[in-house]
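See below for the structure under consideration.
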Amino acid sequence: MLFKPLFYNVNMKKIVINISMLFLAVMQLNNVTAQQKFIKQKVDSVLRLMTLDEKIGQLNQYNDDWRATGPITPDNNKIGQVKAGQLGSLLNCIGVSRTRSWQELAIQSRLKIPLLFGLDVIHGFNTTFPIPLAEACSWDLEATEQTARVAATEASASGIHWTFAPMVDIARDPRWGRVMEGAGEDPYLGSKIAAARVKGFQGNKLGDINSVMACAKHFAAYGAAIGGRDYNSVDMSERLLWEVYLPPFKATVDAGVATFMNSFNDINGVPATGNKMLQRDILKGKWNYKGFVVSDWGSVGEMINHGTAKNGYEAALSAITAGCDMDMESRSYKNNLAKLVEDGKVSVGLIDDAVKRILYKKFELGLFDNPFKYCNEQREKTELAKPEHAKLAREAGAKSIVLLKNQNNLLPLSRNLKSIAFIGPLVKALKQNKGSWDVEVPGIDSNFIVSQWEGLQNKVGANTKLLYAKGCEMEGNNKDGFAEAVEVAKQAEVIILSIGERREMSGEARNRSDITIPGVQEELLKSLLATGKPVVVLINAGRPLVFNYTSDNAPAILYTWWLGSEAGNAIADVLFGDFNPSAKLAMSFPINVGQIPIYYSHFNTGRPVTSSKVPNTSYIDISVDPKYEFGYGLSYTSFQYSNLQLSKKLMKMNEQVDVSVTITNTGKYDGEEIVQLYLRDKVGSIARPVKELKDFRKIFLKAGGSETVTFVIRKEKLSFYNQQLQWVAEPGDFQIMIGASSKDIRFMEDFELIR
Ligand code: NOJ
């Protein structure tokens with residue numbers, strides 16, 4: 001054998017020692033740069049040994065056999081290709097024993113380059129946390145980082161190197177099934193959450209045993225699919241792209257995200273996968289991004305369907321030229337890159353650049369030193385079901401529940417209730433609580449889900465009688481169960497009704513044109529309300545739903561989303577006041593689908609909605625306001641905002657304005673408030689939104705306690721992309737708004753930015 005792998009070869013020891021000495025010397029100067037340099041040297045030395053075929057292999061990713069997350073291409077020779085060094089990565093391969101077997105094959109290849117194992121670890125691995133949209137409603141960056149940390153710890157213990165998360169797509173259309181996977185409608189909140197998730201997944205550094213590579217997806221503008229239809233086209237101005245859709249991606253770059261995934265959609269006619277402006281010019285150019293870009297599932301080949309490539313050859317040419325480094329499942333790179341090089345259409349340099357980016361990550365993860373580093377059966381056994389992980393899931397769950405309505409302080413419920421009727425199709429459901437994008441680890445008992453029924457049982461004492469009736473299914477017209485439900489309800493002091501959409505109704509390719517609560521569930525509520533008993537409604541969903549009957553008639557509503565493994569306990573904690581709800585909506589809830597897309601940071605327009613009779617931008621049939629606005633969410637206590645102070649009313653470009661406000665907990669319960677700072681540029685060279693979130697603070701206050709919160713406003717917060725797409729702050733008047741939601745503004749005050 002002519003070529004031997006550099007880092008397993010005894011004969012090469014000398015070189016390694018020399019490089020190590022070099023490394024130590026440079027370390028004294030600059031540790032990080034030295035490390036990077038060292039890895040680069042190692043990458044180059046491996047690259048020099050590689051044939052073109054092996055290089056192309058590194059750019060190739062296949063699906064393994066766990067729950068395919070896209071259309072499969074039958075391939076009986078995956079094993080042969082791995083042994084021949086023709087595969088760089090596998091996705092959907094779970095568990096130490098399975099990843100180990102594949103890795104054993106990979107190191108039988110000539111250069112023994114290890115495989116990367118990727119998976120959609122979206123909201124937990126074995127322990128399922130709330131769906132990302134729910135968690136975003138906690139506005140709790142620390143908790144968000146922690147849940148990602150635990151997900152990474154569990155996933156890495158099960159052989160995974162790489163999660164395809166976070167999804168950082170801004171989403172303003174709740175018909176789109178994937179809103180559940182992101183952080184909602186706002187670029188500021190979305191950026192903060194995106195960074196927290198990356199930090200959580202990647203931990204202190206890649207290569208630590210409990211870190212996985214994160215992946216910012218889907219680059220870009222995937223959330224703006226026309227009509228809320230997954231995979232659909234996106235038509236977008238450059239300004240909107242820069243101001244709203246790109247900031248969360250930039251935040252992940254700043255947080256050190258290891259990889260990016262491009263997206264299925266086209267933007268203004270150019271598929272994102274073959275989009276040079278996005279990947280080469282912005283990501284790898286302007287942002288100087290050094291990680292690698294993976295395509296979405298089959299998206300390289302799908303450029304044929306888009307009509308921008310005649311065949312796989314053209315698709316591969318378009319994607320590699322545009323900066324897509326790895327081809328997920330389409331086999332376009334595998335089947336065409338060699339020919340493209342031979343034909344002089346693609347330079348080896350271009351391929352080398354992609355290969356180097358991928359090898360770099362493999363080195364960073366430590367896979368060249370030990371390809372089985374993450375294949376530790378013992379770790380897999382001990383890390384996956386730790387009680388502290390469940391505890392975190394319970395806390396994260398409670399933090400994600402949004403209290404939408406609480407007439408006459410029906411909630412929290414008393415522990416002295418004699419009887420409670422828990423009714424609805426979701427009361428005893430198990431897996432439903434996991435929402436979309438859950439993971440099941442083969443061979444591990446991953447079914448520890450606390451149902452809502454069990455959660456309630458765990459909470460109440462022996463003196464409270466619990467009654468149950470299903471009432472109806474989630475879908476369909478059958479009302480046969482209503483009579484029993486009403487009978488059960490009549491025997492109870494309080495009714496809790498758990499309804500919503502099925503978990504399979506949100507997620508990838510699960511778009512809905514009608515986002516009301518399906519079936520006869522709201523009719524069941526009507527029958528229960530007719531008993532005259534107080535009813536608390538729990539709404540379980542993966543998106544903002546439309547539920548006007550419930551909103552207008554139920555005395556208390558908790559939006560519980562899908563909360564994961566500890567759903568039942570988290571819900572019970574909130575129902576009985578062991579946890580005072582503090583979440584606030586990360587997405588506007590429409591009155592009906594006709595209002596979509598709906599978001600708070602719209603422009604004022606030339607004919608804003610007023611109460612006057614002048615024809616304006618309103619609807620003739622409903623309000624333009626959402627049912628529940630961005631930033632909205634109640635607590636069992638109340639917060640008073642007072643004493644707004646601005647450090648100055650005139651601010652020079654290089655100065656700052658400090659804005660402070662005192663928040664007092666005026667109610668009976670301890671609780672958390674999310675204080676929100678919005679800004680409006682009153683007159684600009686282009687129209688500016690009526691308000692934009694620019695900062696927030698989540699504070700805990702004991703009943704009766706108060707705290708003064710200070711926000712700092714510098715030029716950066718006042719800047720925007722002008723007509724030439726330059727990032728500028730223009731002198732003039734700005735309005736500061738401090739509020740408890742995007743609508744519930746408690747203070748407004750102007751200041752002026754001067755040169
Ligand atoms: C397609 C999805 O769009 C993407 O988010 C996911 O990571 C891949 N499939 C792999 O499952």
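Chain identifiers are assigned as A, B, and so on, following the order in which chains appear in the structure tokens; residues are numbered from 1 within each chain, and ligands are numbered from 1 in order of appearance.
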Original post:
Hey, which residues come within 10 Å of ligand 1 if we count only C-alpha atoms and all ligand atoms? Could you give them as an MDAnalysis selection string?
Top reply: chainID A and resid 63 67:71 91:92 118:122 163:167 178 181 215:218 222 230:231 261:264 294:299 328:329 437 507:509
What does the file look like for those residues with N, CA and C atoms, as a compact mmCIF listing (two decimals), in the first residue's frame?
# COMPACT_ATOMS: atom_id res chain seq x y z
N ASN A 63 -28.37 8.92 4.14
CA ASN A 63 -29.26 8.56 5.24
C ASN A 63 -28.95 7.13 5.68
N ARG A 67 -35.72 6.16 10.96
CA ARG A 67 -36.76 7.11 10.58
C ARG A 67 -36.29 8.14 9.53
N ALA A 68 -36.36 7.77 8.26
CA ALA A 68 -35.90 8.68 7.21
C ALA A 68 -36.65 10.00 7.30
N THR A 69 -35.93 11.09 7.17
CA THR A 69 -36.58 12.39 7.27
C THR A 69 -36.71 13.06 5.90
N GLY A 70 -36.68 12.22 4.84
CA GLY A 70 -36.85 12.72 3.48
C GLY A 70 -36.98 11.51 2.55
N PRO A 71 -37.19 11.77 1.26
CA PRO A 71 -37.33 10.65 0.32
C PRO A 71 -36.01 9.87 0.16
N LEU A 91 -26.51 10.52 8.13
CA LEU A 91 -27.48 11.09 9.05
C LEU A 91 -28.49 10.02 9.43
N ASN A 92 -29.17 10.28 10.52
CA ASN A 92 -30.17 9.34 11.03
C ASN A 92 -29.58 7.99 11.39
N GLY A 118 -24.72 12.76 11.79
CA GLY A 118 -25.60 13.91 12.01
C GLY A 118 -27.03 13.47 12.29
N LEU A 119 -27.74 14.28 13.03
CA LEU A 119 -29.13 13.94 13.38
C LEU A 119 -29.89 15.23 13.73
N ASP A 120 -31.20 15.17 13.52
CA ASP A 120 -32.03 16.31 13.93
C ASP A 120 -32.32 16.23 15.42
N VAL A 121 -31.42 16.77 16.20
CA VAL A 121 -31.67 16.84 17.66
C VAL A 121 -32.25 18.23 17.88
N ILE A 122 -33.55 18.31 17.74
CA ILE A 122 -34.19 19.63 17.63
C ILE A 122 -34.60 20.19 19.00
N THR A 163 -25.74 18.07 15.33
CA THR A 163 -27.20 18.22 15.26
C THR A 163 -27.56 19.21 14.15
N PHE A 164 -28.64 18.93 13.46
CA PHE A 164 -29.14 19.87 12.45
C PHE A 164 -30.04 20.88 13.15
N ALA A 165 -29.50 21.63 14.02
CA ALA A 165 -30.23 22.62 14.80
C ALA A 165 -29.21 23.66 15.27
N PRO A 166 -29.59 24.87 15.55
CA PRO A 166 -30.97 25.34 15.61
C PRO A 166 -31.52 25.79 14.26
N MET A 167 -32.83 25.65 14.11
CA MET A 167 -33.49 26.29 12.98
C MET A 167 -33.72 27.74 13.40
N ARG A 178 -43.54 24.38 10.06
CA ARG A 178 -42.25 24.41 10.76
C ARG A 178 -42.08 25.58 11.70
N GLU A 181 -40.48 24.85 15.01
CA GLU A 181 -39.08 24.50 15.16
C GLU A 181 -38.17 25.71 15.37
N CYS A 215 -25.87 23.44 13.75
CA CYS A 215 -26.05 23.74 12.33
C CYS A 215 -27.14 24.81 12.19
N ALA A 216 -26.77 25.97 11.73
CA ALA A 216 -27.76 27.04 11.55
C ALA A 216 -28.51 26.78 10.25
N LYS A 217 -29.81 26.68 10.35
CA LYS A 217 -30.58 26.36 9.15
C LYS A 217 -31.88 27.16 9.14
N HIS A 218 -32.53 27.34 8.03
CA HIS A 218 -32.16 26.92 6.68
C HIS A 218 -31.81 28.19 5.93
N TYR A 222 -36.15 30.57 4.44
CA TYR A 222 -37.05 29.41 4.30
C TYR A 222 -38.41 29.66 4.96
N ASP A 230 -44.57 24.66 2.93
CA ASP A 230 -43.18 24.23 3.03
C ASP A 230 -42.59 24.03 1.64
N TYR A 231 -41.33 24.34 1.50
CA TYR A 231 -40.57 24.17 0.25
C TYR A 231 -40.93 25.20 -0.83
N MET A 261 -26.81 24.89 7.14
CA MET A 261 -27.56 24.11 6.14
C MET A 261 -28.26 25.11 5.23
N ASN A 262 -28.17 24.87 3.93
CA ASN A 262 -28.93 25.75 3.05
C ASN A 262 -30.37 25.27 2.99
N SER A 263 -31.18 25.80 2.08
CA SER A 263 -32.61 25.48 2.20
C SER A 263 -33.23 25.08 0.87
N PHE A 264 -34.44 24.55 0.99
CA PHE A 264 -35.16 24.01 -0.16
C PHE A 264 -35.68 25.09 -1.10
N VAL A 294 -23.94 22.29 4.56
CA VAL A 294 -24.54 21.05 4.04
C VAL A 294 -25.82 21.44 3.31
N SER A 295 -26.15 20.69 2.29
CA SER A 295 -27.41 20.98 1.59
C SER A 295 -28.55 20.47 2.46
N ASP A 296 -29.79 20.84 2.13
CA ASP A 296 -30.89 20.15 2.79
C ASP A 296 -31.12 18.84 2.02
N TRP A 297 -31.99 18.03 2.55
CA TRP A 297 -32.18 16.68 2.03
C TRP A 297 -32.54 16.70 0.54
N GLY A 298 -31.62 16.26 -0.26
CA GLY A 298 -31.88 16.16 -1.70
C GLY A 298 -31.96 17.50 -2.41
N SER A 299 -31.65 18.59 -1.71
CA SER A 299 -31.93 19.89 -2.33
C SER A 299 -31.00 20.21 -3.51
N MET A 328 -26.46 16.36 0.88
CA MET A 328 -27.24 15.43 1.69
C MET A 328 -28.18 14.63 0.79
N GLU A 329 -27.86 13.39 0.61
CA GLU A 329 -28.74 12.39 0.01
C GLU A 329 -29.03 12.51 -1.49
N TRP A 437 -40.52 16.20 15.56
CA TRP A 437 -39.07 16.15 15.66
C TRP A 437 -38.57 15.60 17.00
N GLY A 507 -44.68 20.61 11.92
CA GLY A 507 -43.39 20.01 11.59
C GLY A 507 -43.19 20.10 10.10
N GLU A 508 -42.19 19.38 9.59
CA GLU A 508 -41.87 19.50 8.17
C GLU A 508 -43.03 19.01 7.31
N ALA A 509 -43.32 19.76 6.26
CA ALA A 509 -44.35 19.43 5.28
C ALA A 509 -45.74 19.29 5.91
Original post:
Could you pull the residues within 7 Å of region 375-388 of chain A, counting only C-alpha atoms, minus those fewer than 2 positions along the same chain, as a PyMOL selection string?
Top reply: chain A and resi 96+100+126-127+154+157-159+372-373+390-392
Using the selection just defined, write its residues with C-alpha atoms as a compact mmCIF listing (two decimals), in the first residue's frame.
# COMPACT_ATOMS: atom_id res chain seq x y z
CA VAL A 96 -23.38 3.71 20.00
CA ARG A 100 -19.59 2.09 15.99
CA ASN A 126 -33.72 11.02 24.83
CA THR A 127 -35.13 13.65 27.17
CA GLU A 154 -27.26 12.88 25.54
CA ALA A 157 -23.25 9.90 24.45
CA SER A 158 -25.21 8.05 21.82
CA GLY A 159 -22.65 8.48 19.06
CA PHE A 372 -14.74 5.94 18.38
CA LYS A 373 -14.48 8.81 20.80
CA ALA A 390 -36.01 15.35 33.57
CA LYS A 391 -35.94 18.11 36.17
CA LEU A 392 -34.69 20.56 33.55
**OP:** Pick out the residues sitting within 12 Å of Thr531 (chain A), and hand them over as a list in words; count only C-alpha atoms, and ignore anything fewer than 3 positions along from it in its own chain.
**Re:**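 Everything that qualifies: Ala483, Ala485, Val486, Glu487, Val488, Ala489, Lys490, Gln491, Ala492, Glu493, Val494, Ile495, Leu524, Leu525, Lys526, Ser527, Leu528, Pro534 and Val535 of chain A.
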Would you save the residues of that selection, restricted to C-alpha atoms, as a short mmCIF file (atom, residue, chain, number, x, y, z; two decimals), in the first residue's frame?
data_model
loop_
_atom_site.label_atom_id
_atom_site.label_comp_id
_atom_site.auth_asym_id
_atom_site.auth_seq_id
_atom_site.Cartn_x
_atom_site.Cartn_y
_atom_site.Cartn_z
CA ALA A 483 -72.71 13.03 27.23
CA ALA A 485 -67.94 14.10 29.55
CA VAL A 486 -70.77 16.36 30.69
CA GLU A 487 -71.84 13.84 33.33
CA VAL A 488 -68.29 13.64 34.65
CA ALA A 489 -68.00 17.42 34.56
CA LYS A 490 -71.14 17.85 36.62
CA GLN A 491 -69.59 15.87 39.46
CA ALA A 492 -66.54 18.12 39.71
CA GLU A 493 -65.81 21.49 41.23
CA VAL A 494 -63.51 22.51 38.38
CA ILE A 495 -63.09 21.22 34.85
CA LEU A 524 -67.05 19.93 23.59
CA LEU A 525 -65.93 23.03 25.45
CA LYS A 526 -69.32 24.60 24.75
CA SER A 527 -71.10 21.62 26.30
CA LEU A 528 -68.86 21.75 29.34
CA PRO A 534 -65.46 26.83 35.77
CA VAL A 535 -63.39 25.47 32.89
#
**OP:** Pick out the residues sitting within 9 Å of region 473-482 of chain A, and hand them over as a ChimeraX atom specification; count only C-alpha atoms, and ignore anything fewer than 6 positions along from it in its own chain.
**Re:** /A:424-426,499-502,517-521,523-524,527-528
Original post:
Hey, which of A:Ile226, A:Ala429, A:Ile539, A:Val441 ends up closest to Gly95 (chain A)? Count only C-alpha atoms.
Top reply: A:Val441
Original post:
Using only C-alpha atoms, which of A:Ser623, A:Asn31, A:Ser138, A:Gln58 sits nearest Ala586 (chain A)?
Top reply: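 Answer, going by the shortest atom-to-atom distance: A:Ser138.
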Original post:
Taking only C-alpha atoms into account, which of A:Ser191, A:Gln36, A:Thr617, A:Gln61 comes nearest Leu246 (chain A)?
Top reply: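 The shortest atom-to-atom distance to Leu246 (chain A) comes from A:Ser191.
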Original post:
Could you write out, as a VMD selection string, all the residues of region 92-194 of chain A that DSSP marks as strand (DSSP E)?
Top reply: chain A and resid 116 to 119 162 to 163
Subject >> Every residue of region 373-588 of chain A that DSSP places in helix (DSSP H, G or I), as a PyMOL selection string >> reply: chain A and resi 377-383+387-400+407-409+431-434+452-459+482-490+503-505+521-529+548-553+567-575
**OP:** May I ask which of the residues A:Ala134, A:Met180, A:Leu59, A:Met277 is the closest one to Arg510 (chain A), counting only C-alpha atoms?
**Re:**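 Using only C-alpha atoms, Arg510 (chain A) sits closest to A:Met180.
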**OP:** For region 649-652 of chain A, list every protein, DNA or RNA residue within 7 Å, evaluated using only C-alpha atoms, and leave out those in the same chain fewer than 5 positions away; present the list as a list in words.
**Re:**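 So the residues in contact are Val657, Phe751, Glu752, Leu753, Ile754 and Arg755 of chain A.
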Original post:
Nearest to Gln452 (chain A) among A:Pro544, A:Gly568, A:Gly397, A:Gly633, with distances taken over only C-alpha atoms: which residue is it?
Top reply: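 With only C-alpha atoms as the atom set, the closest residue is A:Gly568.
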**OP:** Tell me which protein, DNA and RNA residues are within 9 Å of Ala84 (chain A), counting only C-alpha atoms, leaving out same-chain ones fewer than 4 positions away, and put them as a PyMOL selection string.
**Re:** chain A and resi 54+57+79-80+106+108-110
Original post:
Which distance in Å separates CA of Tyr600 (chain A) and CA of Asp744 (chain A), to one decimal?
Top reply: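 Computing the Euclidean distance for CA of Tyr600 (chain A) and CA of Asp744 (chain A) yields 12.0 Å.
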